[in-house]
Number of protein chains: 2
Amino acid sequence: MDNPTSPPPRLIYLLTTAQRRLEAWIERETQGMSTARIGLLLALPAEGGLNMSGLARALDLGAPSLTGLVDRMAKFGLVRRIPDPEDGRSSLVVLTDQGRDLRQQALAHTKKLNGQLAKGFSDEEIAIVARWLETVRDRYSQ
Amino acid sequence: MDNPTSPPPRLIYLLTTAQRRLEAWIERETQGMSTARIGLLLALPAEGGLNMSGLARALDLGAPSLTGLVDRMAKFGLVRRIPDPEDGRSSLVVLTDQGRDLRQQALAHTKKLNGQLAKGFSDEEIAIVARWLETVRDRYSQ
DNA sequence: AATAGTTATTTCGTGTGCGAAGTAAATTCA
DNA sequence: TGAATTTACTTCGCACACGAAATAACTATT
């Protein structure tokens, strides 16, 4: 039985700290990969490229954030920028060979972790969690 | 009915983006307050102070993060550092008058928002969400 | 009392994110 | 076609978080 007047959960605090701890854990576990970097690797197709706007949309990032992220990933030799043949303003981000290798690892790792994150909860419960996260994301957009 | 093989929700992505969007929304809504600043205001007692270690524990922050946060808040005249009379290594963070005023607003605002965040979900569903967030936070600690 | 070890905090460098403002290419429209 | 607008992206300055290393003060130990 629950306390008849248990205080409402501090959802803002929980959301913030859970995200931070998970991020830190991933960074330790992967020896230096962040969700941002993993996200970029996974968003890129194994062959061909995507332009910055498309990536920003896919990753839910602002343009300046993506510029910095791609800069850092390029410095580490994981992606390259090539000019978009169809639009002179735009550049396409493509994986390097090394990036493609890492992408495979990241994909496996992410799948495993997404499974782990559901452990201890039923499918119905995870669906509720997912729906809540989506609602927060969408309700407080813009 | 759900699709018999609906893909598992991308919990990492959802957690990250929900947190980011909520943070951005709060910052717009409050005209420049972050969850970090609000957290600090609420963690401090209206009278008296708390030392950095206690604050770090209360806010689930590392020591360097807290140093920066307190520096910025002090620059804006919301808190002050005073030497801890009981321990020469330690300093106590106390609210200024202006900080105390803002604390009241932040308290009301946070209560309202925490309520809003539960809207559209039953108490049981929110309890599941809270339990999941706590589990993630604690499972991936350290 | 001197030394060694622990604890509290800061500094430094880095990653990640944003808004505002800048630049350059494409598009619209007069 | 030429000017105005829009779009794609970058640059700059800032906030916030961390780990590693530095500093200062406290505690224990001999």
# chains A, B, ... in the order shown; residues from 1 in each chain; ligands from 1
call {"tool": "select_by_dssp", "arguments": {"residues": "chain A", "states": "alpha helix (DSSP H)", "output": "MDAnalysis selection string"}}
result
chainID A and resid 11:29 35:43 52:59 63:75 97:116 123:139
call {"tool": "interface_residues", "arguments": {"of": "chain C", "to": "chain A", "cutoff": "8 Å", "atoms": "only C-alpha atoms (C1' of nucleotides)", "output": "ChimeraX atom specification"}}
result
/C:16-18,24-26
call {"tool": "write_last_selection", "arguments": {"atoms": "all heavy atoms", "output": "CSV table (one decimal), in the first residue's frame"}}
result
chain,number,residue,atom,x,y,z
C,16,DT,P,31.1,15.3,-27.2
C,16,DT,OP1,30.7,13.9,-27.1
C,16,DT,OP2,31.7,15.8,-28.5
C,16,DT,O5',29.9,16.2,-26.8
C,16,DT,C5',29.1,15.9,-25.7
C,16,DT,C4',28.1,17.0,-25.5
C,16,DT,O4',28.9,18.2,-25.1
C,16,DT,C3',27.3,17.5,-26.7
C,16,DT,O3',26.0,17.2,-26.5
C,16,DT,C2',27.6,19.0,-26.8
C,16,DT,C1',28.1,19.3,-25.4
C,16,DT,N1,28.9,20.5,-25.3
C,16,DT,C2,28.6,21.5,-24.5
C,16,DT,O2,27.6,21.5,-23.7
C,16,DT,N3,29.4,22.6,-24.5
C,16,DT,C4,30.6,22.8,-25.2
C,16,DT,O4,31.2,23.8,-25.1
C,16,DT,C5,30.9,21.7,-26.1
C,16,DT,C7,32.1,21.8,-27.0
C,16,DT,C6,30.1,20.6,-26.1
C,17,DG,P,24.9,17.3,-27.6
C,17,DG,OP1,23.8,16.3,-27.3
C,17,DG,OP2,25.6,17.2,-28.9
C,17,DG,O5',24.3,18.8,-27.5
C,17,DG,C5',23.3,19.0,-26.5
C,17,DG,C4',23.2,20.5,-26.3
C,17,DG,O4',24.5,21.1,-26.0
C,17,DG,C3',22.8,21.3,-27.5
C,17,DG,O3',21.3,21.4,-27.6
C,17,DG,C2',23.3,22.7,-27.2
C,17,DG,C1',24.3,22.5,-26.1
C,17,DG,N9,25.7,23.0,-26.5
C,17,DG,C8,26.6,22.5,-27.3
C,17,DG,N7,27.7,23.2,-27.4
C,17,DG,C5,27.4,24.3,-26.6
C,17,DG,C6,28.2,25.5,-26.4
C,17,DG,O6,29.3,25.8,-26.8
C,17,DG,N1,27.5,26.4,-25.6
C,17,DG,C2,26.2,26.2,-25.0
C,17,DG,N2,25.7,27.2,-24.3
C,17,DG,N3,25.5,25.1,-25.3
C,17,DG,C4,26.1,24.2,-26.0
C,18,DC,P,20.6,22.2,-28.8
C,18,DC,OP1,19.2,21.8,-28.7
C,18,DC,OP2,21.4,22.1,-30.0
C,18,DC,O5',20.7,23.7,-28.3
C,18,DC,C5',20.0,24.2,-27.1
C,18,DC,C4',20.4,25.6,-26.9
C,18,DC,O4',21.8,25.8,-26.8
C,18,DC,C3',20.0,26.5,-28.1
C,18,DC,O3',18.8,27.2,-27.7
C,18,DC,C2',21.2,27.5,-28.2
C,18,DC,C1',22.2,27.0,-27.2
C,18,DC,N1,23.5,26.8,-27.9
C,18,DC,C2,24.5,27.8,-27.7
C,18,DC,O2,24.2,28.8,-27.0
C,18,DC,N3,25.7,27.6,-28.2
C,18,DC,C4,26.0,26.6,-29.0
C,18,DC,N4,27.2,26.5,-29.5
C,18,DC,C5,25.0,25.6,-29.2
C,18,DC,C6,23.8,25.8,-28.7
C,24,DA,P,31.5,35.3,-47.7
C,24,DA,OP1,33.0,35.2,-47.8
C,24,DA,OP2,30.8,36.5,-48.0
C,24,DA,O5',30.8,34.1,-48.5
C,24,DA,C5',30.8,32.8,-48.0
C,24,DA,C4',29.7,32.0,-48.6
C,24,DA,O4',28.5,32.3,-47.9
C,24,DA,C3',29.5,32.4,-50.1
C,24,DA,O3',29.3,31.2,-50.8
C,24,DA,C2',28.2,33.2,-50.1
C,24,DA,C1',27.5,32.5,-48.9
C,24,DA,N9,26.4,33.3,-48.3
C,24,DA,C8,26.4,34.6,-47.9
C,24,DA,N7,25.3,35.0,-47.3
C,24,DA,C5,24.5,33.9,-47.3
C,24,DA,C6,23.2,33.7,-46.8
C,24,DA,N6,22.5,34.6,-46.2
C,24,DA,N1,22.7,32.4,-46.9
C,24,DA,C2,23.5,31.5,-47.5
C,24,DA,N3,24.7,31.6,-48.0
C,24,DA,C4,25.2,32.8,-47.9
C,25,DA,P,29.5,31.1,-52.4
C,25,DA,OP1,30.6,30.3,-52.7
C,25,DA,OP2,29.3,32.5,-53.0
C,25,DA,O5',28.2,30.3,-52.9
C,25,DA,C5',27.9,29.1,-52.3
C,25,DA,C4',26.4,28.8,-52.3
C,25,DA,O4',25.8,29.8,-51.5
C,25,DA,C3',25.8,28.9,-53.7
C,25,DA,O3',25.2,27.6,-54.0
C,25,DA,C2',24.8,30.0,-53.6
C,25,DA,C1',24.6,30.2,-52.1
C,25,DA,N9,24.2,31.5,-51.6
C,25,DA,C8,25.0,32.6,-51.7
C,25,DA,N7,24.4,33.7,-51.2
C,25,DA,C5,23.2,33.2,-50.7
C,25,DA,C6,22.1,33.8,-50.1
C,25,DA,N6,22.1,35.1,-49.7
C,25,DA,N1,21.0,33.1,-49.8
C,25,DA,C2,21.1,31.8,-50.1
C,25,DA,N3,22.0,31.1,-50.7
C,25,DA,C4,23.0,31.9,-51.0
C,26,DA,P,24.4,27.3,-55.3
C,26,DA,OP1,24.5,25.9,-55.6
C,26,DA,OP2,24.9,28.3,-56.3
C,26,DA,O5',22.9,27.7,-55.0
C,26,DA,C5',22.2,26.8,-54.1
C,26,DA,C4',20.9,27.3,-53.8
C,26,DA,O4',21.0,28.7,-53.3
C,26,DA,C3',19.9,27.4,-55.1
C,26,DA,O3',18.8,26.7,-54.7
C,26,DA,C2',19.7,28.9,-55.3
C,26,DA,C1',19.9,29.5,-53.9
C,26,DA,N9,20.4,30.8,-53.8
C,26,DA,C8,21.6,31.3,-54.3
C,26,DA,N7,21.8,32.6,-54.1
C,26,DA,C5,20.6,33.0,-53.4
C,26,DA,C6,20.2,34.2,-52.8
C,26,DA,N6,20.9,35.3,-52.9
C,26,DA,N1,19.0,34.2,-52.2
C,26,DA,C2,18.3,33.1,-52.1
C,26,DA,N3,18.6,31.9,-52.6
C,26,DA,C4,19.8,31.9,-53.2
call {"tool": "residues_around", "arguments": {"residues": "DG13 (chain D)", "least_positions_apart": "5", "cutoff": "12 Å", "atoms": "only C-alpha atoms (C1' of nucleotides)", "output": "PyMOL selection string"}}
result
chain C and resi 18-21
call {"tool": "write_last_selection", "arguments": {"atoms": "N, CA and C atoms (P, O5', C5', C4', C3', O3' and C1' of nucleotides)", "output": "PDB file, in the first residue's frame"}}
result
ATOM      1  P    DC C  18      20.627  22.221 -28.752  1.00  0.00           P
ATOM      2  O5'  DC C  18      20.717  23.748 -28.315  1.00  0.00           O
ATOM      3  C5'  DC C  18      20.032  24.187 -27.139  1.00  0.00           C
ATOM      4  C4'  DC C  18      20.373  25.631 -26.896  1.00  0.00           C
ATOM      5  C3'  DC C  18      19.999  26.537 -28.066  1.00  0.00           C
ATOM      6  O3'  DC C  18      18.802  27.212 -27.741  1.00  0.00           O
ATOM      7  C1'  DC C  18      22.209  27.021 -27.236  1.00  0.00           C
ATOM      8  P    DG C  19      18.060  28.063 -28.907  1.00  0.00           P
ATOM      9  O5'  DG C  19      18.671  29.529 -28.768  1.00  0.00           O
ATOM     10  C5'  DG C  19      18.575  30.240 -27.529  1.00  0.00           C
ATOM     11  C4'  DG C  19      19.225  31.599 -27.714  1.00  0.00           C
ATOM     12  C3'  DG C  19      18.710  32.383 -28.922  1.00  0.00           C
ATOM     13  O3'  DG C  19      18.726  33.760 -28.596  1.00  0.00           O
ATOM     14  C1'  DG C  19      21.004  31.914 -29.221  1.00  0.00           C
ATOM     15  P    DA C  20      18.071  34.829 -29.553  1.00  0.00           P
ATOM     16  O5'  DA C  20      19.321  35.648 -30.115  1.00  0.00           O
ATOM     17  C5'  DA C  20      20.393  35.976 -29.232  1.00  0.00           C
ATOM     18  C4'  DA C  20      21.485  36.683 -30.001  1.00  0.00           C
ATOM     19  C3'  DA C  20      21.006  37.457 -31.229  1.00  0.00           C
ATOM     20  O3'  DA C  20      21.820  38.607 -31.359  1.00  0.00           O
ATOM     21  C1'  DA C  20      22.509  35.764 -31.919  1.00  0.00           C
ATOM     22  P    DA C  21      21.527  39.712 -32.473  1.00  0.00           P
ATOM     23  O5'  DA C  21      22.766  39.533 -33.467  1.00  0.00           O
ATOM     24  C5'  DA C  21      24.067  39.415 -32.898  1.00  0.00           C
ATOM     25  C4'  DA C  21      25.044  38.988 -33.973  1.00  0.00           C
ATOM     26  C3'  DA C  21      24.803  39.656 -35.338  1.00  0.00           C
ATOM     27  O3'  DA C  21      26.058  40.032 -35.858  1.00  0.00           O
ATOM     28  C1'  DA C  21      24.887  37.335 -35.607  1.00  0.00           C
TER      29       DA C  21
END
call {"tool": "closest_atom_pairs", "arguments": {"of": "chain B", "to": "chain A", "cutoff": "6 Å", "atoms": "only C-alpha atoms", "output": "JSON lines"}}
result
{"residue": "B:Leu14", "atom": "CA", "partner": "A:Leu133", "partner_atom": "CA", "distance": 6.0}
{"residue": "B:Ala18", "atom": "CA", "partner": "A:Arg137", "partner_atom": "CA", "distance": 4.2}
{"residue": "B:Arg21", "atom": "CA", "partner": "A:Arg137", "partner_atom": "CA", "distance": 5.7}
{"residue": "B:Leu22", "atom": "CA", "partner": "A:Tyr140", "partner_atom": "CA", "distance": 5.8}
{"residue": "B:Trp25", "atom": "CA", "partner": "A:Tyr140", "partner_atom": "CA", "distance": 5.8}
{"residue": "B:Val129", "atom": "CA", "partner": "A:Val129", "partner_atom": "CA", "distance": 5.2}
{"residue": "B:Leu133", "atom": "CA", "partner": "A:Ala18", "partner_atom": "CA", "distance": 5.8}
{"residue": "B:Val136", "atom": "CA", "partner": "A:Ala18", "partner_atom": "CA", "distance": 5.8}
{"residue": "B:Arg137", "atom": "CA", "partner": "A:Ala18", "partner_atom": "CA", "distance": 4.2}
{"residue": "B:Tyr140", "atom": "CA", "partner": "A:Trp25", "partner_atom": "CA", "distance": 5.8}
call {"tool": "atom_distance", "arguments": {"atom1": "CA of Glu124 (chain B)", "atom2": "CA of Ala106 (chain B)"}}
result
27.0 Å
call {"tool": "residues_around", "arguments": {"residues": "region 4-11 of chain C", "least_positions_apart": "3", "cutoff": "9 Å", "atoms": "only C-alpha atoms (C1' of nucleotides)", "output": "PyMOL selection string"}}
result
(chain B and resi 52-53+63-64+67+89-91) or (chain D and resi 21-29)
call {"tool": "write_last_selection", "arguments": {"atoms": "N, CA and C atoms (P, O5', C5', C4', C3', O3' and C1' of nucleotides)", "output": "PDB file, in the first residue's frame"}}
result
ATOM      1  N   MET B  52      29.626  23.247   0.287  1.00  0.00           N
ATOM      2  CA  MET B  52      29.665  22.781  -1.094  1.00  0.00           C
ATOM      3  C   MET B  52      29.420  21.271  -1.189  1.00  0.00           C
ATOM      4  N   SER B  53      30.024  20.520  -0.306  1.00  0.00           N
ATOM      5  CA  SER B  53      29.846  19.066  -0.369  1.00  0.00           C
ATOM      6  C   SER B  53      28.384  18.692  -0.182  1.00  0.00           C
ATOM      7  N   ALA B  63      31.867  18.139  -7.688  1.00  0.00           N
ATOM      8  CA  ALA B  63      32.379  19.336  -7.036  1.00  0.00           C
ATOM      9  C   ALA B  63      32.721  20.450  -8.037  1.00  0.00           C
ATOM     10  N   PRO B  64      33.401  20.143  -9.137  1.00  0.00           N
ATOM     11  CA  PRO B  64      33.743  21.227 -10.065  1.00  0.00           C
ATOM     12  C   PRO B  64      32.502  21.892 -10.675  1.00  0.00           C
ATOM     13  N   THR B  67      31.113  24.303  -8.079  1.00  0.00           N
ATOM     14  CA  THR B  67      31.931  25.514  -7.970  1.00  0.00           C
ATOM     15  C   THR B  67      31.528  26.519  -9.046  1.00  0.00           C
ATOM     16  N   ARG B  89      38.395  24.515   5.807  1.00  0.00           N
ATOM     17  CA  ARG B  89      38.482  24.135   4.397  1.00  0.00           C
ATOM     18  C   ARG B  89      37.207  24.460   3.656  1.00  0.00           C
ATOM     19  N   SER B  90      36.150  24.595   4.430  1.00  0.00           N
ATOM     20  CA  SER B  90      34.802  24.587   3.878  1.00  0.00           C
ATOM     21  C   SER B  90      34.201  25.984   3.852  1.00  0.00           C
ATOM     22  N   SER B  91      33.349  26.254   2.898  1.00  0.00           N
ATOM     23  CA  SER B  91      32.608  27.507   2.932  1.00  0.00           C
ATOM     24  C   SER B  91      31.124  27.204   2.842  1.00  0.00           C
TER      25      SER B  91
ATOM     26  P    DA D  21      46.170  13.261 -13.297  1.00  0.00           P
ATOM     27  O5'  DA D  21      46.494  14.682 -12.658  1.00  0.00           O
ATOM     28  C5'  DA D  21      46.566  15.809 -13.525  1.00  0.00           C
ATOM     29  C4'  DA D  21      46.607  17.078 -12.703  1.00  0.00           C
ATOM     30  C3'  DA D  21      47.535  17.003 -11.488  1.00  0.00           C
ATOM     31  O3'  DA D  21      48.293  18.190 -11.439  1.00  0.00           O
ATOM     32  C1'  DA D  21      45.402  17.750 -10.828  1.00  0.00           C
ATOM     33  P    DA D  22      49.432  18.452 -10.381  1.00  0.00           P
ATOM     34  O5'  DA D  22      48.851  19.660  -9.512  1.00  0.00           O
ATOM     35  C5'  DA D  22      48.618  20.913 -10.144  1.00  0.00           C
ATOM     36  C4'  DA D  22      47.923  21.840  -9.167  1.00  0.00           C
ATOM     37  C3'  DA D  22      48.676  22.034  -7.842  1.00  0.00           C
ATOM     38  O3'  DA D  22      48.884  23.409  -7.623  1.00  0.00           O
ATOM     39  C1'  DA D  22      46.406  21.444  -7.453  1.00  0.00           C
ATOM     40  P    DT D  23      49.789  23.870  -6.384  1.00  0.00           P
ATOM     41  O5'  DT D  23      48.715  24.186  -5.242  1.00  0.00           O
ATOM     42  C5'  DT D  23      47.694  25.152  -5.494  1.00  0.00           C
ATOM     43  C4'  DT D  23      46.787  25.223  -4.293  1.00  0.00           C
ATOM     44  C3'  DT D  23      47.523  25.312  -2.952  1.00  0.00           C
ATOM     45  O3'  DT D  23      46.991  26.411  -2.238  1.00  0.00           O
ATOM     46  C1'  DT D  23      45.865  23.643  -2.879  1.00  0.00           C
ATOM     47  P    DA D  24      47.824  27.048  -1.003  1.00  0.00           P
ATOM     48  O5'  DA D  24      46.792  26.875   0.190  1.00  0.00           O
ATOM     49  C5'  DA D  24      45.411  27.102  -0.048  1.00  0.00           C
ATOM     50  C4'  DA D  24      44.616  26.381   0.993  1.00  0.00           C
ATOM     51  C3'  DA D  24      45.251  26.401   2.388  1.00  0.00           C
ATOM     52  O3'  DA D  24      44.260  26.824   3.293  1.00  0.00           O
ATOM     53  C1'  DA D  24      44.667  24.199   1.787  1.00  0.00           C
ATOM     54  P    DA D  25      44.635  27.203   4.786  1.00  0.00           P
ATOM     55  O5'  DA D  25      43.842  26.091   5.596  1.00  0.00           O
ATOM     56  C5'  DA D  25      42.439  25.992   5.393  1.00  0.00           C
ATOM     57  C4'  DA D  25      41.975  24.683   5.954  1.00  0.00           C
ATOM     58  C3'  DA D  25      42.352  24.464   7.424  1.00  0.00           C
ATOM     59  O3'  DA D  25      41.192  24.025   8.090  1.00  0.00           O
ATOM     60  C1'  DA D  25      42.990  22.605   6.123  1.00  0.00           C
ATOM     61  P    DC D  26      41.111  24.073   9.665  1.00  0.00           P
ATOM     62  O5'  DC D  26      40.942  22.537  10.053  1.00  0.00           O
ATOM     63  C5'  DC D  26      39.778  21.864   9.610  1.00  0.00           C
ATOM     64  C4'  DC D  26      40.084  20.393   9.479  1.00  0.00           C
ATOM     65  C3'  DC D  26      40.379  19.685  10.802  1.00  0.00           C
ATOM     66  O3'  DC D  26      39.293  18.827  11.089  1.00  0.00           O
ATOM     67  C1'  DC D  26      41.836  18.987   9.046  1.00  0.00           C
ATOM     68  P    DT D  27      39.314  17.975  12.470  1.00  0.00           P
ATOM     69  O5'  DT D  27      40.154  16.677  12.105  1.00  0.00           O
ATOM     70  C5'  DT D  27      39.663  15.779  11.114  1.00  0.00           C
ATOM     71  C4'  DT D  27      40.497  14.513  11.133  1.00  0.00           C
ATOM     72  C3'  DT D  27      40.750  13.933  12.511  1.00  0.00           C
ATOM     73  O3'  DT D  27      40.461  12.546  12.435  1.00  0.00           O
ATOM     74  C1'  DT D  27      42.801  14.232  11.367  1.00  0.00           C
ATOM     75  P    DA D  28      40.496  11.604  13.695  1.00  0.00           P
ATOM     76  O5'  DA D  28      41.875  10.851  13.497  1.00  0.00           O
ATOM     77  C5'  DA D  28      41.967   9.948  12.411  1.00  0.00           C
ATOM     78  C4'  DA D  28      43.381   9.523  12.183  1.00  0.00           C
ATOM     79  C3'  DA D  28      43.992   8.705  13.315  1.00  0.00           C
ATOM     80  O3'  DA D  28      44.544   7.552  12.722  1.00  0.00           O
ATOM     81  C1'  DA D  28      45.453  10.452  12.689  1.00  0.00           C
ATOM     82  P    DT D  29      44.994   6.334  13.596  1.00  0.00           P
ATOM     83  O5'  DT D  29      46.377   5.962  12.855  1.00  0.00           O
ATOM     84  C5'  DT D  29      47.059   7.023  12.170  1.00  0.00           C
ATOM     85  C4'  DT D  29      48.549   6.860  12.344  1.00  0.00           C
ATOM     86  C3'  DT D  29      49.002   6.029  13.541  1.00  0.00           C
ATOM     87  O3'  DT D  29      50.253   5.426  13.215  1.00  0.00           O
ATOM     88  C1'  DT D  29      49.768   8.198  13.810  1.00  0.00           C
TER      89       DT D  29
END
call {"tool": "residues_around", "arguments": {"residues": "Asp97 (chain A)", "least_positions_apart": "4", "cutoff": "10 Å", "atoms": "only C-alpha atoms (C1' of nucleotides)", "output": "ChimeraX atom specification"}}
result
/A:46,77-79,101-103
call {"tool": "atom_distance", "arguments": {"atom1": "C1' of DG15 (chain C)", "atom2": "C1' of DC18 (chain D)"}}
result
8.7 Å
call {"tool": "decode", "arguments": {"residues": "region 5-19 of chain D", "atoms": "N, CA, C and O atoms (P, O5', C5', C4', C3', O3' and C1' of nucleotides)", "output": "CSV table (one decimal), in the first residue's frame"}}
result
chain,number,residue,atom,x,y,z
D,5,DT,P,13.2,42.2,-48.5
D,5,DT,O5',13.3,40.6,-48.6
D,5,DT,C5',12.3,39.9,-49.3
D,5,DT,C4',12.6,38.5,-49.3
D,5,DT,C3',12.7,37.9,-47.9
D,5,DT,O3',11.8,36.8,-47.8
D,5,DT,C1',14.4,37.1,-49.4
D,6,DT,P,11.6,36.1,-46.4
D,6,DT,O5',12.4,34.7,-46.7
D,6,DT,C5',12.0,34.0,-47.8
D,6,DT,C4',13.0,32.8,-48.0
D,6,DT,C3',13.2,32.0,-46.8
D,6,DT,O3',12.9,30.7,-47.1
D,6,DT,C1',15.3,32.6,-47.8
D,7,DT,P,12.9,29.5,-46.1
D,7,DT,O5',14.4,28.9,-46.3
D,7,DT,C5',14.7,28.4,-47.6
D,7,DT,C4',16.1,27.9,-47.6
D,7,DT,C3',16.5,27.0,-46.4
D,7,DT,O3',17.0,25.8,-46.9
D,7,DT,C1',18.1,28.7,-46.6
D,8,DA,P,17.7,24.7,-45.9
D,8,DA,O5',19.2,25.1,-46.0
D,8,DA,C5',20.0,24.8,-47.1
D,8,DA,C4',21.4,24.8,-46.6
D,8,DA,C3',21.8,24.0,-45.4
D,8,DA,O3',22.9,23.2,-45.6
D,8,DA,C1',22.4,26.3,-45.1
D,9,DC,P,23.5,22.2,-44.5
D,9,DC,O5',24.5,23.1,-43.7
D,9,DC,C5',25.6,23.6,-44.5
D,9,DC,C4',26.3,24.7,-43.7
D,9,DC,C3',26.8,24.4,-42.3
D,9,DC,O3',28.2,24.0,-42.5
D,9,DC,C1',25.9,26.6,-42.4
D,10,DT,P,29.1,23.8,-41.2
D,10,DT,O5',29.5,25.3,-40.8
D,10,DT,C5',30.2,26.1,-41.7
D,10,DT,C4',30.6,27.4,-41.1
D,10,DT,C3',31.4,27.3,-39.8
D,10,DT,O3',32.6,28.1,-40.0
D,10,DT,C1',29.6,28.6,-39.3
D,11,DT,P,33.8,28.1,-38.9
D,11,DT,O5',33.4,29.4,-38.0
D,11,DT,C5',33.3,30.6,-38.6
D,11,DT,C4',32.9,31.7,-37.5
D,11,DT,C3',33.7,31.5,-36.2
D,11,DT,O3',34.2,32.8,-35.9
D,11,DT,C1',31.4,31.6,-35.7
D,12,DC,P,35.3,33.1,-34.7
D,12,DC,O5',34.4,33.6,-33.5
D,12,DC,C5',33.5,34.7,-33.8
D,12,DC,C4',32.6,35.0,-32.5
D,12,DC,C3',33.4,34.7,-31.2
D,12,DC,O3',33.2,35.8,-30.4
D,12,DC,C1',31.3,33.6,-31.2
D,13,DG,P,34.1,36.0,-29.1
D,13,DG,O5',33.0,35.9,-27.9
D,13,DG,C5',31.8,36.6,-28.0
D,13,DG,C4',30.8,36.0,-27.0
D,13,DG,C3',31.4,35.7,-25.7
D,13,DG,O3',30.5,36.1,-24.6
D,13,DG,C1',30.2,33.8,-26.6
D,14,DC,P,31.0,36.1,-23.1
D,14,DC,O5',30.0,35.0,-22.5
D,14,DC,C5',28.6,35.2,-22.4
D,14,DC,C4',27.9,33.8,-22.3
D,14,DC,C3',28.2,33.1,-21.0
D,14,DC,O3',27.2,33.3,-20.1
D,14,DC,C1',28.0,31.6,-22.9
D,15,DA,P,27.3,32.7,-18.6
D,15,DA,O5',26.6,31.3,-18.7
D,15,DA,C5',25.3,31.2,-19.1
D,15,DA,C4',24.8,29.8,-19.1
D,15,DA,C3',25.1,29.1,-17.8
D,15,DA,O3',24.0,28.3,-17.4
D,15,DA,C1',26.1,27.9,-19.6
D,16,DC,P,23.9,27.7,-16.0
D,16,DC,O5',24.4,26.3,-16.2
D,16,DC,C5',23.7,25.3,-16.9
D,16,DC,C4',24.5,24.1,-17.2
D,16,DC,C3',25.1,23.5,-15.9
D,16,DC,O3',24.6,22.2,-15.8
D,16,DC,C1',26.7,23.6,-17.6
D,17,DA,P,24.6,21.4,-14.5
D,17,DA,O5',25.8,20.3,-14.6
D,17,DA,C5',25.5,19.2,-15.4
D,17,DA,C4',26.8,18.6,-15.8
D,17,DA,C3',27.8,18.2,-14.8
D,17,DA,O3',27.6,16.9,-14.3
D,17,DA,C1',28.9,19.1,-16.7
D,18,DC,P,28.5,16.3,-13.2
D,18,DC,O5',29.9,15.8,-13.9
D,18,DC,C5',29.9,14.8,-14.9
D,18,DC,C4',31.2,14.8,-15.5
D,18,DC,C3',32.3,14.4,-14.5
D,18,DC,O3',32.6,13.1,-14.6
D,18,DC,C1',33.0,16.2,-15.9
D,19,DG,P,33.6,12.4,-13.4
D,19,DG,O5',35.0,12.6,-14.0
D,19,DG,C5',35.4,12.0,-15.3
D,19,DG,C4',36.8,12.2,-15.6
D,19,DG,C3',37.8,11.8,-14.5
D,19,DG,O3',39.0,11.3,-15.1
D,19,DG,C1',37.9,14.1,-14.8
